[in-house]
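Chemist: This structure is in structure tokens; I'll ask about it shortly.
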Amino acid sequence: MTSGLTIPEAFQRLEVKPIVNGRGNYSVLGGSILSPGVWQAMEQANSFYVDLNDLLAAAGSYVADVVGSEAAFLTTGASGAIALGTAACMTGEDGERMGRIPDTTGMPGEVVIQHGHRYLYDRCFTMVGARLVEAGDAGGTTPEQLAEVISERTALVAFTSHLNGLNNTVPLPEVVRIAHERDIPVLVDSAYEVFPVEKMGTFAPVGADLFTFSAKYFGGPNSVGFLCGRKDLIRAAAMQGSVGYEQRPYQSFFRPFKLDRHLIFAAVTALQEWLVTDHQERWCEFGRRIERIRATLADVPGLTLTPMYFTMEDTLEPAPINCLHIAVGPEALRGAPEVNQSLRASNPAIYLHAYDDALVVVADAMREGDDTIIAERLKREFTYAE
Ligand SMILES: *Cc1c(COP(=O)(O)O)cnc(C)c1O
């Protein structure tokens with residue numbers, strides 16, 4: 001069964017299926033759809049060559065102004081920012097060390113992290129040769145336990161921003177105080193703390209030495225991120241970025257983390273657009289999309305429809321509205337897994353969140369009209385026996 005949509009020629013040529021995205025911003029689905037303005041910036045980037053050093057410096061300086069840090073550097077995603085930031089803390093501006101990573105012999109090679117802050121991306125700290133050292137345990141971390149594991153081997157303290165204060169962990173201001181008393185920098189992974197927009201400016205004032213953002217969360221290219229923070233550490237990061245590998249006396253670890261000029265222009269343009277976006281309207285639009293889907297499915301037997309908030313941690317809260325929770329009862333014509341299978345098998349495919357007894361449709365990453373495509377397809381699945 002197809003939705004009747006035209007499949008773009010580029011997809012046909014490779015025989016890959018386009019996806020209508022009812023899940024949200026996920027790297028595996030391509031991250032985000034770029035706006036016409038961002039796309040135009042990519043095209044213009046392609047009209048000339050540019051010295052990547054100049055472009056990175058200009059882009060970094062713009063980002064630093066926006067987030068209120070001394071400096072910033074563009075990276076291959078927030079994951080690249082974590083890896084590069086960790087390296088910068090281990091090497092400083094020592095080129096010989098940069099040429100040796102991930103061999104950390106003779107460098108501070110430990111990253112201290114609170115037990116309750118362990119998360120999916122903490123591997124990005126260790127891939128440059130560092131070793132994670134946990135403070136505290138499953139019960140939490142006290143300031144004393146954090147101080148105890150900091151030593152002359154510590155390169156930095158890692159801080160997972162979205163877990164700030166959770167799981168009995170030490171909150172950011174206190175972590176900064178403890179680390180700074182020992183002259184150790186703090187690297188905050190704030191990858192998705194881009195909304196409200198003012199949030200981006202809160203990390204430098206609280207004393208984060210380095211912090212990250214991922215462009216996939218503000219309509220930028222999936223593969224770009226920002227490393228922001230102290231001038232000396234950003235310089236140490238930039239010195240071992242991919243540019244310069246062929247020119248410098250040392251060959252840095254980050255040559256395989258190369259960023260193209262159109263991605264740099266695109267990420268900066270996406271950030272510029274993000275700052276002037278009417279975010280209240282953006283959220284109202286999520287609500288309208290969800291309401292249209294709810295209205296289309298309202299009289300379908302066996303479905304219980306609840307507009308909800310699907311969070312960045314993939315959990316459900318009552319508000320603000322960006323998703324429709326569809327509980328699929330025994331009276332429904334088909335079960336949630338079966339409908340999900342069928343949606344994924346169609347061309348274009350439709351991707352939703354699927355559970356044993358429910359589907360969740362998220363509005364964040366939809367293009368105009370996707371809500372109608374998804375709603376009508378769901379209605380058909382739950383209304384007609386094939
Ligand atoms: C997505 C994400 C990352 C990785 O960011 P990329 O830009 O995809 O490399 C890191 N940390 C958090 C919290 C994220 O959500």
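Note on naming: chains are A, B, ... as they come in the structure tokens, residues start from 1 per chain, ligands start from 1 in the order shown.
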Using only C-alpha atoms, tabulate the residues of segment 68-116 of chain A lying at most 9 Å from any atom of segment 216-233 of chain A, each with its closest atom pair and that distance in Å to one decimal, by chain and increasing residue number, as JSON lines.

Modeler:
```
{"residue": "A:Gly68", "atom": "CA", "partner": "A:Gly229", "partner_atom": "CA", "distance": 8.6}
{"residue": "A:Ser69", "atom": "CA", "partner": "A:Gly229", "partner_atom": "CA", "distance": 5.1}
{"residue": "A:Glu70", "atom": "CA", "partner": "A:Lys231", "partner_atom": "CA", "distance": 5.4}
{"residue": "A:Ala71", "atom": "CA", "partner": "A:Lys231", "partner_atom": "CA", "distance": 5.2}
{"residue": "A:Ala72", "atom": "CA", "partner": "A:Cys228", "partner_atom": "CA", "distance": 4.1}
{"residue": "A:Phe73", "atom": "CA", "partner": "A:Leu227", "partner_atom": "CA", "distance": 5.2}
{"residue": "A:Leu74", "atom": "CA", "partner": "A:Phe226", "partner_atom": "CA", "distance": 4.7}
{"residue": "A:Thr75", "atom": "CA", "partner": "A:Gly225", "partner_atom": "CA", "distance": 5.0}
{"residue": "A:Thr76", "atom": "CA", "partner": "A:Val224", "partner_atom": "CA", "distance": 4.7}
{"residue": "A:Gly77", "atom": "CA", "partner": "A:Gly225", "partner_atom": "CA", "distance": 3.7}
{"residue": "A:Ala78", "atom": "CA", "partner": "A:Gly225", "partner_atom": "CA", "distance": 4.6}
{"residue": "A:Ser79", "atom": "CA", "partner": "A:Gly225", "partner_atom": "CA", "distance": 7.7}
{"residue": "A:Gly80", "atom": "CA", "partner": "A:Gly225", "partner_atom": "CA", "distance": 7.2}
{"residue": "A:Ala81", "atom": "CA", "partner": "A:Leu227", "partner_atom": "CA", "distance": 5.0}
{"residue": "A:Ile82", "atom": "CA", "partner": "A:Leu227", "partner_atom": "CA", "distance": 7.6}
{"residue": "A:Leu84", "atom": "CA", "partner": "A:Leu227", "partner_atom": "CA", "distance": 8.1}
{"residue": "A:Gly85", "atom": "CA", "partner": "A:Leu227", "partner_atom": "CA", "distance": 7.0}
{"residue": "A:Ala88", "atom": "CA", "partner": "A:Leu233", "partner_atom": "CA", "distance": 5.8}
{"residue": "A:Cys89", "atom": "CA", "partner": "A:Leu233", "partner_atom": "CA", "distance": 6.7}
{"residue": "A:Gly92", "atom": "CA", "partner": "A:Leu233", "partner_atom": "CA", "distance": 6.8}
{"residue": "A:Glu93", "atom": "CA", "partner": "A:Asp232", "partner_atom": "CA", "distance": 8.1}
```

Chemist: Please provide as a ChimeraX atom specification all residues within 12 Å of Tyr351 of chain A, with the sequence filter that same-chain residues fewer than 4 positions apart are discarded (counting only C-alpha atoms).

Modeler: /A:17-26,28-29,339-347,359-363,365-366,370,373-374,377-378

Chemist: Write out the residues from the selection above, keeping N, CA and C atoms, as an mmCIF file, in the first residue's frame.

Modeler:
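Everything below was put into part.cif:
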```cif
data_model
loop_
_atom_site.group_PDB
_atom_site.id
_atom_site.type_symbol
_atom_site.label_atom_id
_atom_site.label_comp_id
_atom_site.auth_asym_id
_atom_site.auth_seq_id
_atom_site.Cartn_x
_atom_site.Cartn_y
_atom_site.Cartn_z
ATOM 1 N N LYS A 17 13.812 3.949 0.681
ATOM 2 C CA LYS A 17 12.486 4.467 0.980
ATOM 3 C C LYS A 17 12.552 5.798 1.705
ATOM 4 N N PRO A 18 11.808 6.805 1.242
ATOM 5 C CA PRO A 18 11.658 8.009 2.054
ATOM 6 C C PRO A 18 10.757 7.710 3.256
ATOM 7 N N ILE A 19 10.958 8.473 4.328
ATOM 8 C CA ILE A 19 10.205 8.258 5.564
ATOM 9 C C ILE A 19 9.448 9.518 5.943
ATOM 10 N N VAL A 20 8.178 9.350 6.271
ATOM 11 C CA VAL A 20 7.398 10.433 6.887
ATOM 12 C C VAL A 20 7.612 10.283 8.397
ATOM 13 N N ASN A 21 8.137 11.334 9.009
ATOM 14 C CA ASN A 21 8.661 11.219 10.369
ATOM 15 C C ASN A 21 7.656 11.644 11.440
ATOM 16 N N GLY A 22 7.071 10.658 12.112
ATOM 17 C CA GLY A 22 6.197 10.922 13.249
ATOM 18 C C GLY A 22 6.868 10.538 14.554
ATOM 19 N N ARG A 23 8.205 10.577 14.570
ATOM 20 C CA ARG A 23 8.948 10.192 15.785
ATOM 21 C C ARG A 23 9.632 11.376 16.443
ATOM 22 N N GLY A 24 10.212 12.288 15.632
ATOM 23 C CA GLY A 24 10.963 13.414 16.200
ATOM 24 C C GLY A 24 12.363 13.454 15.628
ATOM 25 N N ASN A 25 13.246 14.259 16.246
ATOM 26 C CA ASN A 25 14.601 14.448 15.721
ATOM 27 C C ASN A 25 15.526 13.325 16.187
ATOM 28 N N TYR A 26 15.754 12.373 15.303
ATOM 29 C CA TYR A 26 16.665 11.272 15.613
ATOM 30 C C TYR A 26 17.717 11.174 14.520
ATOM 31 N N VAL A 28 19.257 8.706 13.375
ATOM 32 C CA VAL A 28 19.083 7.585 12.453
ATOM 33 C C VAL A 28 18.063 7.892 11.354
ATOM 34 N N LEU A 29 17.185 8.864 11.589
ATOM 35 C CA LEU A 29 16.220 9.252 10.552
ATOM 36 C C LEU A 29 16.687 10.472 9.774
ATOM 37 N N VAL A 339 -0.058 -2.567 13.160
ATOM 38 C CA VAL A 339 -0.217 -1.307 12.422
ATOM 39 C C VAL A 339 1.151 -0.660 12.198
ATOM 40 N N ASN A 340 1.966 -0.699 13.203
ATOM 41 C CA ASN A 340 3.309 -0.123 13.081
ATOM 42 C C ASN A 340 4.090 -0.807 11.964
ATOM 43 N N GLN A 341 4.029 -2.125 11.937
ATOM 44 C CA GLN A 341 4.687 -2.916 10.875
ATOM 45 C C GLN A 341 4.231 -2.476 9.498
ATOM 46 N N SER A 342 2.920 -2.355 9.362
ATOM 47 C CA SER A 342 2.327 -2.009 8.077
ATOM 48 C C SER A 342 2.766 -0.595 7.642
ATOM 49 N N LEU A 343 2.814 0.337 8.588
ATOM 50 C CA LEU A 343 3.238 1.708 8.281
ATOM 51 C C LEU A 343 4.704 1.746 7.860
ATOM 52 N N ARG A 344 5.498 0.954 8.514
ATOM 53 C CA ARG A 344 6.929 0.928 8.183
ATOM 54 C C ARG A 344 7.185 0.253 6.850
ATOM 55 N N ALA A 345 6.289 -0.645 6.459
ATOM 56 C CA ALA A 345 6.484 -1.384 5.213
ATOM 57 C C ALA A 345 6.033 -0.596 3.994
ATOM 58 N N SER A 346 5.234 0.459 4.192
ATOM 59 C CA SER A 346 4.718 1.195 3.035
ATOM 60 C C SER A 346 5.804 2.095 2.453
ATOM 61 N N ASN A 347 5.536 2.653 1.295
ATOM 62 C CA ASN A 347 6.515 3.500 0.610
ATOM 63 C C ASN A 347 5.818 4.755 0.094
ATOM 64 N N LEU A 359 0.454 3.509 20.250
ATOM 65 C CA LEU A 359 1.314 4.196 19.289
ATOM 66 C C LEU A 359 1.441 5.634 19.772
ATOM 67 N N VAL A 360 2.589 6.249 19.534
ATOM 68 C CA VAL A 360 2.740 7.669 19.860
ATOM 69 C C VAL A 360 3.225 8.390 18.608
ATOM 70 N N VAL A 361 2.479 9.425 18.226
ATOM 71 C CA VAL A 361 2.823 10.228 17.054
ATOM 72 C C VAL A 361 3.382 11.561 17.545
ATOM 73 N N VAL A 362 4.626 11.866 17.172
ATOM 74 C CA VAL A 362 5.277 13.102 17.625
ATOM 75 C C VAL A 362 5.319 14.116 16.478
ATOM 76 N N ALA A 363 4.972 15.360 16.782
ATOM 77 C CA ALA A 363 4.809 16.384 15.742
ATOM 78 C C ALA A 363 6.103 17.134 15.410
ATOM 79 N N ALA A 365 9.094 16.809 14.194
ATOM 80 C CA ALA A 365 9.911 16.722 12.984
ATOM 81 C C ALA A 365 9.071 16.613 11.712
ATOM 82 N N MET A 366 7.756 16.846 11.834
ATOM 83 C CA MET A 366 6.888 16.718 10.652
ATOM 84 C C MET A 366 7.082 17.878 9.688
ATOM 85 N N ASP A 370 2.359 16.451 6.769
ATOM 86 C CA ASP A 370 2.633 15.105 7.276
ATOM 87 C C ASP A 370 1.564 14.637 8.259
ATOM 88 N N ILE A 373 -1.162 13.062 6.243
ATOM 89 C CA ILE A 373 -0.741 11.758 5.711
ATOM 90 C C ILE A 373 -0.808 10.693 6.804
ATOM 91 N N ILE A 374 -0.266 11.026 7.973
ATOM 92 C CA ILE A 374 -0.213 10.065 9.080
ATOM 93 C C ILE A 374 -1.619 9.753 9.593
ATOM 94 N N ARG A 377 -3.681 7.650 7.093
ATOM 95 C CA ARG A 377 -3.147 6.297 7.023
ATOM 96 C C ARG A 377 -3.530 5.486 8.270
ATOM 97 N N LEU A 378 -3.443 6.123 9.436
ATOM 98 C CA LEU A 378 -3.818 5.440 10.679
ATOM 99 C C LEU A 378 -5.302 5.099 10.667
#
```

Chemist: Point out the residue among A:Gln12, A:Pro196, A:Glu181, A:Thr311 with the least atom-to-atom distance to ligand 1, counting only C-alpha atoms and all ligand atoms.

Modeler: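 Between A:Gln12, A:Pro196, A:Glu181, A:Thr311, the residue approaching ligand 1 most closely is A:Thr311.
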
Chemist: Skipping near chain neighbours, those fewer than 3 positions away, what residues fall within 6 Å of segment 97-111 of chain A using only C-alpha atoms, listed as a list in words?

Modeler: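 Contacts, with the query itself left out: Met90, Thr91, Asp94, Val128, Gly129, Ala130, Arg131, Leu132, Val133, Arg153, Thr154, Ala155, Leu156, Val157, Tyr250, Gln251 and Ser252 of chain A.
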
Chemist: Keeping all heavy atoms for every residue in the selection just given, could you write it to a file as a compact mmCIF listing (two decimals), in the first residue's frame?

Modeler:
```
# COMPACT_ATOMS: atom_id res chain seq x y z
N MET A 90 43.11 17.26 27.81
CA MET A 90 44.24 16.35 28.06
C MET A 90 45.54 16.92 27.49
O MET A 90 46.60 16.73 28.07
CB MET A 90 43.96 14.97 27.45
CG MET A 90 42.81 14.24 28.11
SD MET A 90 42.76 12.47 27.71
CE MET A 90 42.55 12.50 25.95
N THR A 91 45.46 17.61 26.36
CA THR A 91 46.68 18.04 25.67
C THR A 91 47.08 19.47 25.98
O THR A 91 48.26 19.81 25.87
CB THR A 91 46.50 17.97 24.14
OG1 THR A 91 45.44 18.86 23.77
CG2 THR A 91 46.16 16.56 23.69
N ASP A 94 49.81 21.51 23.66
CA ASP A 94 51.02 20.72 23.41
C ASP A 94 50.84 19.84 22.16
O ASP A 94 50.12 18.83 22.19
CB ASP A 94 51.26 19.85 24.66
CG ASP A 94 52.54 19.03 24.55
OD1 ASP A 94 52.97 18.72 23.43
OD2 ASP A 94 53.10 18.70 25.61
N VAL A 128 38.91 9.11 22.85
CA VAL A 128 40.20 9.76 22.62
C VAL A 128 41.26 9.25 23.59
O VAL A 128 42.34 9.84 23.71
CB VAL A 128 40.08 11.30 22.72
CG1 VAL A 128 39.32 11.85 21.52
CG2 VAL A 128 39.40 11.71 24.03
N GLY A 129 40.96 8.15 24.28
CA GLY A 129 41.97 7.53 25.13
C GLY A 129 41.78 7.75 26.61
O GLY A 129 42.50 7.18 27.42
N ALA A 130 40.82 8.58 26.97
CA ALA A 130 40.58 8.84 28.40
C ALA A 130 39.85 7.67 29.04
O ALA A 130 39.27 6.83 28.35
CB ALA A 130 39.77 10.12 28.57
N ARG A 131 39.88 7.64 30.36
CA ARG A 131 39.22 6.59 31.12
C ARG A 131 38.21 7.25 32.04
O ARG A 131 38.51 8.28 32.66
CB ARG A 131 40.28 5.87 31.96
CG ARG A 131 39.90 4.53 32.52
CD ARG A 131 41.15 3.83 33.07
NE ARG A 131 41.64 4.47 34.30
CZ ARG A 131 41.10 4.25 35.51
NH1 ARG A 131 40.09 3.42 35.66
NH2 ARG A 131 41.59 4.87 36.58
N LEU A 132 37.00 6.70 32.11
CA LEU A 132 35.98 7.28 33.00
C LEU A 132 36.23 6.80 34.42
O LEU A 132 36.48 5.61 34.65
CB LEU A 132 34.58 6.85 32.58
CG LEU A 132 33.93 7.51 31.36
CD1 LEU A 132 32.53 6.94 31.15
CD2 LEU A 132 33.85 9.03 31.52
N VAL A 133 36.15 7.72 35.37
CA VAL A 133 36.25 7.38 36.79
C VAL A 133 34.97 7.86 37.45
O VAL A 133 34.64 9.05 37.41
CB VAL A 133 37.46 8.08 37.44
CG1 VAL A 133 37.50 7.80 38.93
CG2 VAL A 133 38.75 7.63 36.77
N ARG A 153 45.58 13.03 37.98
CA ARG A 153 45.34 12.32 36.72
C ARG A 153 44.07 12.81 36.01
O ARG A 153 43.80 12.44 34.89
CB ARG A 153 45.19 10.81 37.00
CG ARG A 153 46.45 10.12 37.52
CD ARG A 153 46.25 8.62 37.69
NE ARG A 153 45.15 8.31 38.62
CZ ARG A 153 45.28 8.30 39.94
NH1 ARG A 153 46.45 8.57 40.52
NH2 ARG A 153 44.25 8.02 40.72
N THR A 154 43.29 13.65 36.70
CA THR A 154 42.00 14.09 36.14
C THR A 154 42.20 15.14 35.05
O THR A 154 42.85 16.16 35.26
CB THR A 154 41.11 14.69 37.25
OG1 THR A 154 41.03 13.75 38.33
CG2 THR A 154 39.72 15.00 36.73
N ALA A 155 41.61 14.87 33.89
CA ALA A 155 41.65 15.84 32.79
C ALA A 155 40.49 16.81 32.89
O ALA A 155 40.62 18.01 32.61
CB ALA A 155 41.60 15.13 31.44
N LEU A 156 39.33 16.29 33.29
CA LEU A 156 38.13 17.13 33.37
C LEU A 156 37.07 16.40 34.17
O LEU A 156 37.15 15.18 34.37
CB LEU A 156 37.59 17.44 31.97
CG LEU A 156 37.11 16.25 31.13
CD1 LEU A 156 35.58 16.16 31.12
CD2 LEU A 156 37.62 16.36 29.72
N VAL A 157 36.06 17.17 34.59
CA VAL A 157 34.86 16.57 35.16
C VAL A 157 33.77 16.68 34.11
O VAL A 157 33.51 17.77 33.58
CB VAL A 157 34.43 17.27 36.46
CG1 VAL A 157 33.13 16.68 36.99
CG2 VAL A 157 35.53 17.17 37.51
N TYR A 250 52.47 17.89 13.73
CA TYR A 250 51.90 16.71 14.36
C TYR A 250 50.60 16.36 13.62
O TYR A 250 49.96 17.22 13.04
CB TYR A 250 51.61 16.97 15.84
CG TYR A 250 50.74 18.20 16.03
CD1 TYR A 250 49.35 18.09 16.01
CD2 TYR A 250 51.30 19.46 16.22
CE1 TYR A 250 48.55 19.20 16.14
CE2 TYR A 250 50.50 20.57 16.34
CZ TYR A 250 49.13 20.44 16.30
OH TYR A 250 48.34 21.54 16.42
N GLN A 251 50.23 15.08 13.63
CA GLN A 251 49.01 14.65 12.95
C GLN A 251 47.98 14.28 14.01
O GLN A 251 48.13 13.30 14.72
CB GLN A 251 49.32 13.45 12.03
CG GLN A 251 49.86 13.87 10.67
CD GLN A 251 51.19 14.60 10.76
OE1 GLN A 251 52.14 14.07 11.32
NE2 GLN A 251 51.25 15.82 10.23
N SER A 252 46.93 15.08 14.10
CA SER A 252 46.00 14.93 15.23
C SER A 252 44.99 13.80 14.98
O SER A 252 44.75 13.37 13.86
CB SER A 252 45.25 16.22 15.49
OG SER A 252 44.10 16.29 14.69
```

Chemist: Which residue, A:Arg367, A:His262, A:Arg248, A:Arg294, has the smallest gap to Gln40 of chain A when you use only C-alpha atoms?

Modeler: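 Closest to Gln40 of chain A, using only C-alpha atoms: A:His262.
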
Chemist: Based on DSSP run over this structure's backbone, return all residues of segment 42-97 of chain A in helix (DSSP H, G or I), as a ChimeraX atom specification.

Modeler: /A:42-45,52-67,77-91,95-97

Chemist: Could you give me, as a PyMOL selection string, each residue of segment 59-220 of chain A that DSSP assigns to strand (DSSP E or B) when run on this structure's backbone?

Modeler: chain A and resi 71-75+110-114+131-135+137+140+154-160+186-189+210-214

Chemist: Excluding segment 277-289 of chain A and any residue of its chain fewer than 3 positions from it, enumerate the residues within 9 Å of it, using only C-alpha atoms, and give them as a list in words.

Modeler: Phe195, Pro196, Val197, Gln272, Glu273, Trp274, Arg292, Ile293, Arg294, Pro307, Pro320, Ile321, Asn322, Cys323, Val362, Ala363, Asp364, Met366, Gly369, Asp370, Asp371 and Thr372 of chain A

Chemist: Looking at only C-alpha atoms and all ligand atoms, which of A:Thr315, A:Thr212, A:Thr306, A:Gln240 is the one that sits closest to ligand 1?

Modeler: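 That would be A:Thr212, the residue with the smallest distance to ligand 1.
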
Chemist: Would you please work out which residue, of A:Met308, A:Ala158, A:Ala298, A:Ala332, is nearest to ligand 1 when using only C-alpha atoms and all ligand atoms?

Modeler: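 Closest to ligand 1, using only C-alpha atoms and all ligand atoms: A:Ala158.
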
Chemist: Find, counting only C-alpha atoms and all ligand atoms, the residue in A:Thr126, A:Gln145, A:Thr160, A:Thr383 that gets nearest to ligand 1.

Modeler: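 Answer, going by the shortest atom-to-atom distance: A:Thr160.
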